[in-house]
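One file, run11.cif, carrying mmCIF, C-alpha atoms:
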```cif
data_start
#
loop_
_atom_site.group_PDB
_atom_site.id
_atom_site.type_symbol
_atom_site.label_atom_id
_atom_site.label_comp_id
_atom_site.auth_asym_id
_atom_site.auth_seq_id
_atom_site.Cartn_x
_atom_site.Cartn_y
_atom_site.Cartn_z
ATOM 1 C CA MET A 8 38.359 72.670 -44.337
ATOM 2 C CA GLU A 9 40.309 70.884 -47.018
ATOM 3 C CA PRO A 10 38.837 71.154 -50.495
ATOM 4 C CA PRO A 11 37.653 67.931 -52.082
ATOM 5 C CA VAL A 12 39.782 66.546 -54.884
ATOM 6 C CA ILE A 13 37.600 65.914 -57.914
ATOM 7 C CA MET A 14 39.255 63.963 -60.674
ATOM 8 C CA ASP A 15 38.544 64.717 -64.340
ATOM 9 C CA ASP A 16 35.249 66.565 -64.055
ATOM 10 C CA ASP A 17 34.940 66.587 -67.857
ATOM 11 C CA ALA A 18 34.339 62.851 -67.778
ATOM 12 C CA ARG A 19 30.794 62.590 -66.480
ATOM 13 C CA ALA A 20 31.385 59.162 -65.001
ATOM 14 C CA SER A 21 34.293 60.435 -62.926
ATOM 15 C CA GLN A 22 34.478 59.668 -59.226
ATOM 16 C CA ALA A 23 35.248 62.123 -56.455
ATOM 17 C CA ILE A 24 37.669 61.604 -53.616
ATOM 18 C CA TRP A 25 36.489 63.595 -50.603
ATOM 19 C CA PRO A 26 38.593 64.570 -47.587
ATOM 20 C CA GLU A 27 37.152 63.247 -44.364
ATOM 21 C CA GLU A 28 35.889 66.594 -43.082
ATOM 22 C CA THR A 29 34.129 67.419 -46.356
ATOM 23 C CA SER A 30 32.676 63.919 -46.455
ATOM 24 C CA ARG A 31 31.198 64.392 -42.982
ATOM 25 C CA VAL A 32 29.612 67.676 -44.084
ATOM 26 C CA LEU A 33 28.017 66.027 -47.114
ATOM 27 C CA ASP A 34 26.799 63.131 -44.964
ATOM 28 C CA ARG A 35 25.117 65.567 -42.574
ATOM 29 C CA VAL A 36 23.484 67.504 -45.418
ATOM 30 C CA ALA A 37 22.213 64.305 -47.054
ATOM 31 C CA GLU A 38 21.070 62.811 -43.740
ATOM 32 C CA ARG A 39 19.051 65.854 -42.707
ATOM 33 C CA GLY A 40 17.382 65.903 -46.119
ATOM 34 C CA GLY A 41 14.947 68.585 -47.185
ATOM 35 C CA THR A 42 15.634 70.871 -50.127
ATOM 36 C CA VAL A 43 19.295 71.660 -50.773
ATOM 37 C CA LEU A 44 20.071 74.425 -53.262
ATOM 38 C CA LEU A 45 23.530 74.523 -54.863
ATOM 39 C CA LEU A 46 25.157 77.863 -55.644
ATOM 40 C CA GLY A 47 28.406 78.381 -57.525
ATOM 41 C CA ALA A 48 29.948 79.968 -60.578
ATOM 42 C CA THR A 49 30.708 77.939 -63.683
ATOM 43 C CA ASP A 50 33.397 75.280 -63.297
ATOM 44 C CA THR A 51 33.007 74.879 -59.546
ATOM 45 C CA GLY A 52 31.834 71.251 -59.547
ATOM 46 C CA LYS A 53 28.139 71.747 -58.689
ATOM 47 C CA SER A 54 27.029 68.776 -60.792
ATOM 48 C CA VAL A 55 29.547 66.509 -59.063
ATOM 49 C CA LEU A 56 28.249 67.696 -55.690
ATOM 50 C CA ALA A 57 24.656 67.135 -56.811
ATOM 51 C CA ARG A 58 25.467 63.578 -57.842
ATOM 52 C CA GLU A 59 27.326 62.937 -54.587
ATOM 53 C CA LEU A 60 24.449 64.175 -52.435
ATOM 54 C CA LEU A 61 21.899 62.128 -54.377
ATOM 55 C CA ASN A 62 23.998 58.966 -54.114
ATOM 56 C CA ARG A 63 24.536 59.423 -50.398
ATOM 57 C CA GLY A 64 20.823 59.983 -49.938
ATOM 58 C CA VAL A 65 19.963 56.826 -51.888
ATOM 59 C CA ARG A 66 22.461 54.768 -49.885
ATOM 60 C CA ALA A 67 20.901 56.133 -46.690
ATOM 61 C CA GLY A 68 17.522 54.818 -47.833
ATOM 62 C CA LYS A 69 15.985 58.182 -48.680
ATOM 63 C CA SER A 70 13.771 58.972 -51.636
ATOM 64 C CA VAL A 71 15.740 61.609 -53.557
ATOM 65 C CA ALA A 72 15.166 64.019 -56.432
ATOM 66 C CA LEU A 73 17.211 66.382 -58.568
ATOM 67 C CA VAL A 74 15.761 69.587 -59.974
ATOM 68 C CA ASP A 75 18.205 70.489 -62.724
ATOM 69 C CA ALA A 76 17.817 74.226 -63.295
ATOM 70 C CA ASP A 77 21.145 74.592 -65.111
ATOM 71 C CA ILE A 78 19.401 75.244 -68.440
ATOM 72 C CA GLY A 79 22.645 75.700 -70.370
ATOM 73 C CA GLN A 80 24.344 72.471 -69.260
ATOM 74 C CA SER A 81 21.362 70.259 -68.531
ATOM 75 C CA ASP A 82 21.747 66.704 -67.278
ATOM 76 C CA ILE A 83 18.027 66.009 -66.761
ATOM 77 C CA GLY A 84 16.220 66.653 -70.039
ATOM 78 C CA PRO A 85 17.404 68.760 -72.975
ATOM 79 C CA PRO A 86 19.015 72.207 -72.714
ATOM 80 C CA ALA A 87 16.560 75.117 -72.509
ATOM 81 C CA THR A 88 14.441 73.168 -70.003
ATOM 82 C CA ILE A 89 14.405 72.584 -66.264
ATOM 83 C CA GLY A 90 14.205 68.885 -65.466
ATOM 84 C CA LEU A 91 13.081 66.773 -62.529
ATOM 85 C CA GLY A 92 14.772 63.414 -62.022
ATOM 86 C CA ILE A 93 14.022 60.881 -59.280
ATOM 87 C CA PRO A 94 16.774 58.226 -59.193
ATOM 88 C CA ASP A 95 16.140 55.053 -57.243
ATOM 89 C CA ALA A 96 19.761 53.855 -57.265
ATOM 90 C CA PRO A 97 23.212 55.472 -57.148
ATOM 91 C CA VAL A 98 24.393 56.853 -60.501
ATOM 92 C CA THR A 99 27.784 57.627 -62.014
ATOM 93 C CA ASP A 100 26.297 60.080 -64.527
ATOM 94 C CA LEU A 101 23.336 62.371 -63.858
ATOM 95 C CA ALA A 102 22.329 61.997 -67.502
ATOM 96 C CA GLN A 103 21.407 58.389 -66.644
ATOM 97 C CA VAL A 104 18.429 59.728 -64.689
ATOM 98 C CA PRO A 105 15.332 59.985 -66.916
ATOM 99 C CA PRO A 106 13.284 63.176 -66.622
ATOM 100 C CA ARG A 107 10.010 62.694 -64.768
ATOM 101 C CA ARG A 108 8.896 66.239 -65.550
ATOM 102 C CA LEU A 109 10.155 69.133 -67.647
ATOM 103 C CA TYR A 110 9.548 72.860 -67.518
ATOM 104 C CA PHE A 111 10.192 74.662 -70.782
ATOM 105 C CA VAL A 112 12.241 77.884 -70.613
ATOM 106 C CA GLY A 113 13.207 78.261 -74.269
ATOM 107 C CA ASP A 114 16.824 79.367 -74.045
ATOM 108 C CA THR A 115 20.136 78.171 -72.665
ATOM 109 C CA THR A 116 20.766 81.331 -70.648
ATOM 110 C CA PRO A 117 18.487 82.715 -67.941
ATOM 111 C CA ALA A 118 19.400 86.319 -68.747
ATOM 112 C CA ARG A 119 16.132 87.141 -70.548
ATOM 113 C CA HIS A 120 14.070 84.512 -68.739
ATOM 114 C CA LEU A 121 14.332 85.200 -65.011
ATOM 115 C CA LEU A 122 10.637 84.680 -64.294
ATOM 116 C CA PRO A 123 10.302 81.317 -66.113
ATOM 117 C CA VAL A 124 13.464 80.002 -64.426
ATOM 118 C CA VAL A 125 12.184 80.944 -60.960
ATOM 119 C CA VAL A 126 8.658 79.655 -61.628
ATOM 120 C CA GLY A 127 9.867 76.422 -63.238
ATOM 121 C CA THR A 128 12.339 75.631 -60.468
ATOM 122 C CA SER A 129 9.729 76.284 -57.794
ATOM 123 C CA LEU A 130 7.077 74.177 -59.550
ATOM 124 C CA LEU A 131 9.341 71.163 -59.987
ATOM 125 C CA VAL A 132 10.501 71.357 -56.370
ATOM 126 C CA ALA A 133 6.826 71.347 -55.389
ATOM 127 C CA VAL A 134 6.259 68.257 -57.566
ATOM 128 C CA ALA A 135 9.181 66.471 -55.884
ATOM 129 C CA ARG A 136 7.802 67.347 -52.448
ATOM 130 C CA SER A 137 4.332 66.125 -53.436
ATOM 131 C CA ARG A 138 5.864 62.774 -54.419
ATOM 132 C CA GLY A 139 7.365 62.342 -50.971
ATOM 133 C CA CYS A 140 11.016 62.956 -51.863
ATOM 134 C CA ARG A 141 12.942 63.488 -48.634
ATOM 135 C CA LEU A 142 16.109 64.916 -50.206
ATOM 136 C CA ILE A 143 15.672 67.352 -53.092
ATOM 137 C CA VAL A 144 18.840 68.752 -54.664
ATOM 138 C CA VAL A 145 18.472 71.872 -56.807
ATOM 139 C CA ASP A 146 21.311 72.527 -59.260
ATOM 140 C CA THR A 147 21.527 76.062 -60.665
ATOM 141 C CA THR A 148 23.282 77.964 -63.420
ATOM 142 C CA GLY A 149 26.732 79.472 -62.939
ATOM 143 C CA MET A 150 25.390 83.011 -63.363
ATOM 144 C CA VAL A 151 26.354 84.514 -59.996
ATOM 145 C CA SER A 152 27.867 87.930 -60.788
ATOM 146 C CA GLY A 153 26.069 91.207 -61.390
ATOM 147 C CA ARG A 154 22.654 92.591 -60.561
ATOM 148 C CA LEU A 155 20.767 90.262 -62.909
ATOM 149 C CA ALA A 156 22.337 87.203 -61.278
ATOM 150 C CA ALA A 157 21.628 88.554 -57.796
ATOM 151 C CA THR A 158 17.984 89.145 -58.719
ATOM 152 C CA LEU A 159 17.637 85.628 -60.118
ATOM 153 C CA LYS A 160 19.225 83.885 -57.133
ATOM 154 C CA PHE A 161 17.401 86.022 -54.549
ATOM 155 C CA HIS A 162 13.968 85.265 -55.958
ATOM 156 C CA LYS A 163 14.800 81.624 -56.634
ATOM 157 C CA ILE A 164 15.763 81.149 -52.983
ATOM 158 C CA GLN A 165 12.569 82.954 -51.952
ATOM 159 C CA ALA A 166 10.445 80.700 -54.153
ATOM 160 C CA VAL A 167 12.155 77.388 -53.366
ATOM 161 C CA ARG A 168 12.649 78.009 -49.614
ATOM 162 C CA PRO A 169 15.545 75.551 -49.255
ATOM 163 C CA ARG A 170 16.453 74.063 -45.909
ATOM 164 C CA CYS A 171 20.120 74.335 -46.874
ATOM 165 C CA ILE A 172 22.163 76.370 -49.352
ATOM 166 C CA LEU A 173 25.423 74.693 -50.353
ATOM 167 C CA ALA A 174 27.668 77.492 -51.637
ATOM 168 C CA VAL A 175 30.820 76.588 -53.573
ATOM 169 C CA GLN A 176 33.109 79.587 -53.931
ATOM 170 C CA ALA A 177 36.731 80.315 -54.770
ATOM 171 C CA ARG A 178 37.028 83.370 -52.554
ATOM 172 C CA ARG A 179 33.946 85.161 -51.258
ATOM 173 C CA GLU A 180 32.137 85.800 -54.523
ATOM 174 C CA LEU A 181 28.865 84.292 -53.288
ATOM 175 C CA GLU A 182 28.663 86.277 -50.059
ATOM 176 C CA PRO A 183 26.475 89.069 -51.568
ATOM 177 C CA LEU A 184 23.981 86.352 -52.607
ATOM 178 C CA LEU A 185 24.058 84.710 -49.168
ATOM 179 C CA GLN A 186 23.846 87.836 -46.999
ATOM 180 C CA PRO A 187 20.054 88.309 -47.168
ATOM 181 C CA PHE A 188 19.584 84.775 -45.818
ATOM 182 C CA ALA A 189 22.381 84.740 -43.199
ATOM 183 C CA HIS A 190 20.055 85.159 -40.232
ATOM 184 C CA PRO A 191 18.688 82.874 -37.510
ATOM 185 C CA GLY A 192 15.705 80.936 -38.778
ATOM 186 C CA GLY A 193 16.851 81.135 -42.390
ATOM 187 C CA PRO A 194 18.322 78.348 -44.482
ATOM 188 C CA VAL A 195 21.439 76.605 -43.244
ATOM 189 C CA LEU A 196 24.405 78.063 -45.149
ATOM 190 C CA VAL A 197 27.196 75.598 -45.911
ATOM 191 C CA ARG A 198 30.275 77.004 -47.608
ATOM 192 C CA LEU A 199 32.696 74.785 -49.518
ATOM 193 C CA PRO A 200 35.822 75.763 -51.455
ATOM 194 C CA VAL A 201 36.106 75.082 -55.171
ATOM 195 C CA ALA A 202 37.738 71.743 -55.771
ATOM 196 C CA PRO A 203 41.206 72.136 -57.320
ATOM 197 C CA GLY A 204 40.649 69.196 -59.690
ATOM 198 C CA VAL A 205 37.662 70.718 -61.495
ATOM 199 C CA ARG A 206 38.576 71.470 -65.088
ATOM 200 C CA VAL A 207 37.635 74.755 -66.704
ATOM 201 C CA LYS A 208 35.443 74.117 -69.742
ATOM 202 C CA SER A 209 35.815 76.442 -72.701
ATOM 203 C CA PRO A 210 32.743 78.008 -74.324
ATOM 204 C CA GLN A 211 33.355 75.644 -77.230
ATOM 205 C CA ALA A 212 33.268 72.622 -74.915
ATOM 206 C CA ARG A 213 30.040 73.844 -73.337
ATOM 207 C CA ALA A 214 28.494 74.364 -76.778
ATOM 208 C CA GLU A 215 29.563 70.843 -77.737
ATOM 209 C CA ASN A 216 27.893 69.459 -74.585
ATOM 210 C CA ARG A 217 24.655 71.223 -75.533
ATOM 211 C CA LYS A 218 24.895 69.926 -79.101
ATOM 212 C CA HIS A 219 25.190 66.329 -77.907
ATOM 213 C CA ALA A 220 22.353 66.797 -75.418
ATOM 214 C CA PHE A 221 20.002 68.278 -78.033
ATOM 215 C CA ALA A 222 20.930 65.574 -80.553
ATOM 216 C CA ALA A 223 20.311 62.801 -78.019
ATOM 217 C CA TYR A 224 16.918 64.229 -77.082
ATOM 218 C CA PHE A 225 15.747 64.549 -80.696
ATOM 219 C CA ALA A 226 17.316 61.285 -81.902
ATOM 220 C CA GLY A 227 13.962 59.467 -81.874
ATOM 221 C CA ALA A 228 11.823 62.454 -82.801
ATOM 222 C CA ARG A 229 9.528 62.659 -85.796
ATOM 223 C CA GLU A 230 7.691 65.421 -87.621
ATOM 224 C CA GLN A 231 4.080 65.879 -86.574
ATOM 225 C CA ARG A 232 1.325 68.338 -87.444
ATOM 226 C CA LEU A 233 -0.830 70.159 -84.936
ATOM 227 C CA PRO A 234 -4.074 71.869 -85.967
ATOM 228 C CA TYR A 235 -3.933 75.644 -85.761
ATOM 229 C CA PRO A 236 -5.590 77.640 -84.254
ATOM 230 C CA ARG A 237 -7.035 74.891 -82.024
ATOM 231 C CA VAL A 238 -3.495 74.520 -80.706
ATOM 232 C CA ARG A 239 -2.363 77.999 -79.762
ATOM 233 C CA LEU A 240 1.009 79.708 -79.994
ATOM 234 C CA TRP A 241 2.579 81.363 -76.952
ATOM 235 C CA PRO A 242 3.540 84.156 -76.950
ATOM 236 C CA PRO A 243 0.669 85.011 -79.331
ATOM 237 C CA THR A 244 2.312 85.034 -82.750
ATOM 238 C CA HIS A 245 0.987 85.102 -86.289
ATOM 239 C CA PRO A 246 2.168 81.991 -88.165
ATOM 240 C CA ASP A 247 3.719 84.159 -90.878
ATOM 241 C CA ARG A 248 6.325 85.331 -88.368
ATOM 242 C CA ILE A 249 7.454 81.760 -87.782
ATOM 243 C CA GLU A 250 8.561 81.451 -91.390
ATOM 244 C CA SER A 251 11.110 84.257 -90.939
ATOM 245 C CA ALA A 252 12.774 82.404 -88.043
ATOM 246 C CA PRO A 253 12.174 78.651 -88.420
ATOM 247 C CA ARG A 254 13.534 75.792 -86.320
ATOM 248 C CA ARG A 255 12.760 77.457 -83.021
ATOM 249 C CA ILE A 256 13.021 75.342 -79.913
ATOM 250 C CA CYS A 257 9.531 75.019 -78.464
ATOM 251 C CA GLY A 258 7.624 73.528 -75.576
ATOM 252 C CA LEU A 259 4.512 71.403 -76.013
ATOM 253 C CA LEU A 260 2.163 72.294 -73.163
ATOM 254 C CA ASP A 261 -1.077 70.765 -71.930
ATOM 255 C CA ALA A 262 -4.202 72.670 -70.933
ATOM 256 C CA HIS A 263 -2.710 73.471 -67.507
ATOM 257 C CA GLY A 264 0.497 74.869 -69.020
ATOM 258 C CA ASP A 265 2.557 71.863 -67.927
ATOM 259 C CA THR A 266 5.344 70.834 -70.295
ATOM 260 C CA LEU A 267 4.722 67.509 -72.020
ATOM 261 C CA ALA A 268 7.903 67.602 -74.118
ATOM 262 C CA ALA A 269 10.230 69.868 -76.036
ATOM 263 C CA GLY A 270 10.201 70.173 -79.797
ATOM 264 C CA ILE A 271 11.474 72.128 -82.760
ATOM 265 C CA LEU A 272 8.891 74.287 -84.517
ATOM 266 C CA LEU A 273 9.712 73.709 -88.166
ATOM 267 C CA CYS A 274 7.017 75.739 -89.907
ATOM 268 C CA ALA A 275 3.550 77.194 -89.438
ATOM 269 C CA SER A 276 0.597 78.061 -91.633
ATOM 270 C CA GLY A 277 -2.925 79.283 -91.132
ATOM 271 C CA SER A 278 -4.097 75.719 -90.535
ATOM 272 C CA ALA A 279 -1.239 73.711 -89.008
ATOM 273 C CA LEU A 280 1.971 73.818 -86.982
ATOM 274 C CA THR A 281 4.691 71.335 -87.900
ATOM 275 C CA VAL A 282 6.910 70.267 -85.024
ATOM 276 C CA LEU A 283 9.697 67.752 -84.546
ATOM 277 C CA THR A 284 9.313 66.067 -81.171
ATOM 278 C CA PRO A 285 9.904 62.742 -79.409
ATOM 279 C CA LEU A 286 6.396 63.005 -77.906
ATOM 280 C CA ALA A 287 4.398 60.186 -79.518
ATOM 281 C CA ASP A 288 0.871 61.239 -78.551
ATOM 282 C CA LEU A 289 0.011 64.891 -79.172
ATOM 283 C CA ALA A 290 -3.625 64.624 -78.084
ATOM 284 C CA GLN A 291 -3.034 66.613 -74.884
ATOM 285 C CA VAL A 292 -1.062 69.424 -76.545
ATOM 286 C CA ALA A 293 -2.975 72.690 -76.113
ATOM 287 C CA THR A 294 -0.203 75.244 -76.631
ATOM 288 C CA VAL A 295 3.109 75.461 -78.436
ATOM 289 C CA GLN A 296 5.392 77.781 -76.485
ATOM 290 C CA ILE A 297 7.977 79.388 -78.750
ATOM 291 C CA GLY A 298 11.500 79.671 -77.388
ATOM 292 C CA ASP A 299 14.231 82.121 -78.311
ATOM 293 C CA LEU A 300 16.806 79.653 -79.579
ATOM 294 C CA GLN A 301 16.968 78.269 -83.113
ATOM 295 C CA VAL A 302 18.396 74.746 -83.231
ATOM 296 C CA THR A 303 18.683 71.847 -85.678
ATOM 297 C CA PRO A 304 17.722 68.231 -84.854
ATOM 298 C CA GLN A 305 21.466 67.497 -84.812
ATOM 299 C CA GLY A 306 21.905 70.022 -82.002
ATOM 300 C CA GLU A 307 23.516 72.857 -83.958
ATOM 301 C CA GLU A 308 22.560 76.212 -82.461
ATOM 302 C CA LEU A 309 21.624 78.719 -85.164
ATOM 303 C CA GLY A 310 21.248 81.787 -82.970
ATOM 304 C CA ARG A 311 18.354 83.851 -81.674
ATOM 305 C CA PRO A 312 16.080 85.964 -83.869
ATOM 306 C CA ALA A 313 15.837 89.621 -82.979
ATOM 307 C CA ARG A 314 12.925 90.426 -80.724
ATOM 308 C CA ARG A 315 10.260 92.650 -82.240
ATOM 309 C CA ARG A 316 9.104 95.624 -80.235
#
```

Structure re-expressed in structure tokens:
Amino acid sequence: MEPPVIMDDDARASQAIWPEETSRVLDRVAERGGTVLLLGATDTGKSVLARELLNRGVRAGKSVALVDADIGQSDIGPPATIGLGIPDAPVTDLAQVPPRRLYFVGDTTPARHLLPVVVGTSLLVAVARSRGCRLIVVDTTGMVSGRLAATLKFHKIQAVRPRCILAVQARRELEPLLQPFAHPGGPVLVRLPVAPGVRVKSPQARAENRKHAFAAYFAGAREQRLPYPRVRLWPPTHPDRIESAPRRICGLLDAHGDTLAAGILLCASGSALTVLTPLADLAQVATVQIGDLQVTPQGEELGRPARRR
């Protein structure tokens, strides 16, 4: 199979030119619908494939959804969250799709957050199914090497139960992840080569993407106070500890633990929590979930405080 030629992947509005055979494969995947999980290392064009599948599904008259579990390079919602988008028209940029739901993870790498990433991805896929979406595309992080990555992908596939796994690989680097599911009755495994036109993004470019995404999300945010301890902190934390590591990314959760919005926890006292968030009405906020990452409203990442034993 000829690899697709993807032009200027750094420009999010770029268009893809697909060889006929690859185009037929994508048409079949989109036509059959169900849940399609994308696997691939960084810089393999997963986001372009996600957009292409969604657009083909929309043009075929299907209700489609994207679960964006690439928490470091998010298109749906801010970084450090998993987002659910349900486009009703073709898009040139996945960031055009507004998030219908978020799941807060609290960091831009899944390395210390395997359980939240698996749970959040599974929950948002379930939401998309409950809303009648007939094609659900699940984008994932580029962490595919090593035991930690294998554990994450194995349990994510178990939890999501995709109809199809679309694996984009340069050689055979994804085969260890696919082997447990390469049996009759399992998901359909579709292998595609990495497109030669995909540009390798430097760590600096990826950090700049996150900065812009954070800044865009918090552009309309304002400082608000939440009464403490009526609104709880998770993990359970004394407010004094917040002062030693301020400006932590946080999730604002309702009484069921569902994410209402992301925020930045600015400070805490014995009577109030001060957060910066675009969420206008905080009446349903029951818990502030503290993330690992410290970030400014302008999107500058300040690091991660050391975890206390």

For region 108-186 of chain A against region 74-98 of chain A, with a cut-off of 6 Å and counting only C-alpha atoms, what is the closest atom pair and its distance in Å to one decimal for every residue that makes the cut, ordered by chain and number, as JSON lines?
```
{"residue": "A:Arg108", "atom": "CA", "partner": "A:Leu91", "partner_atom": "CA", "distance": 5.2}
{"residue": "A:Leu109", "atom": "CA", "partner": "A:Gly90", "partner_atom": "CA", "distance": 4.6}
{"residue": "A:Tyr110", "atom": "CA", "partner": "A:Ile89", "partner_atom": "CA", "distance": 5.0}
{"residue": "A:Phe111", "atom": "CA", "partner": "A:Thr88", "partner_atom": "CA", "distance": 4.6}
{"residue": "A:Val112", "atom": "CA", "partner": "A:Thr88", "partner_atom": "CA", "distance": 5.2}
{"residue": "A:Gly113", "atom": "CA", "partner": "A:Ala87", "partner_atom": "CA", "distance": 4.9}
{"residue": "A:Asp114", "atom": "CA", "partner": "A:Ala87", "partner_atom": "CA", "distance": 4.5}
{"residue": "A:Thr115", "atom": "CA", "partner": "A:Gly79", "partner_atom": "CA", "distance": 4.2}
{"residue": "A:Thr116", "atom": "CA", "partner": "A:Gly79", "partner_atom": "CA", "distance": 5.9}
{"residue": "A:Val145", "atom": "CA", "partner": "A:Val74", "partner_atom": "CA", "distance": 4.8}
{"residue": "A:Asp146", "atom": "CA", "partner": "A:Asp75", "partner_atom": "CA", "distance": 5.1}
{"residue": "A:Thr147", "atom": "CA", "partner": "A:Asp77", "partner_atom": "CA", "distance": 4.7}
{"residue": "A:Thr148", "atom": "CA", "partner": "A:Asp77", "partner_atom": "CA", "distance": 4.3}
```

| field | Gap from CA of Gly149 (chain A) to CA of Thr51 (chain A) - Å, one decimal | value | 8.5 Å

| query | With distances taken over only C-alpha atoms, which of A:Ala202, A:Ala177, A:Cys171, A:Gly64 is nearest to Thr29 (chain A)? | reply |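 Among the listed residues, the smallest separation from Thr29 (chain A) belongs to A:Ala202.
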
| request: Quick one: pull the distance between CA of Ala135 (chain A) and CA of Asp299 (chain A), Å, one decimal. | output: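 So the answer is 27.8 Å.
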
| request: Spell out the residues picked by the PyMOL selection byres ((chain A and resi 243-260) around 8) here, as a ChimeraX atom specification. | output: /A:111,113,239-242,261-277,291-303,312

Nearby residues (all atoms listed in the file) at most 6 Å from Val125 (chain A), same-chain spacing under 3 positions excluded, as a JSON list (two decimals) with C-alpha atoms, in the frame of the given file:
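As a result, out.json now contains:
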```
[["chain", "number", "residue", "atom", "x", "y", "z"],
["A", 122, "LEU", "CA", 10.64, 84.68, -64.29],
["A", 128, "THR", "CA", 12.34, 75.63, -60.47],
["A", 163, "LYS", "CA", 14.80, 81.62, -56.63]]
```

| said: Given the PyMOL selection byres ((chain A and resi 224) around 9) and the file above, list the residues it selects as number ranges by chain. | reply: A: 84-85, 219-223, 225-228, 269, 284-285, 304
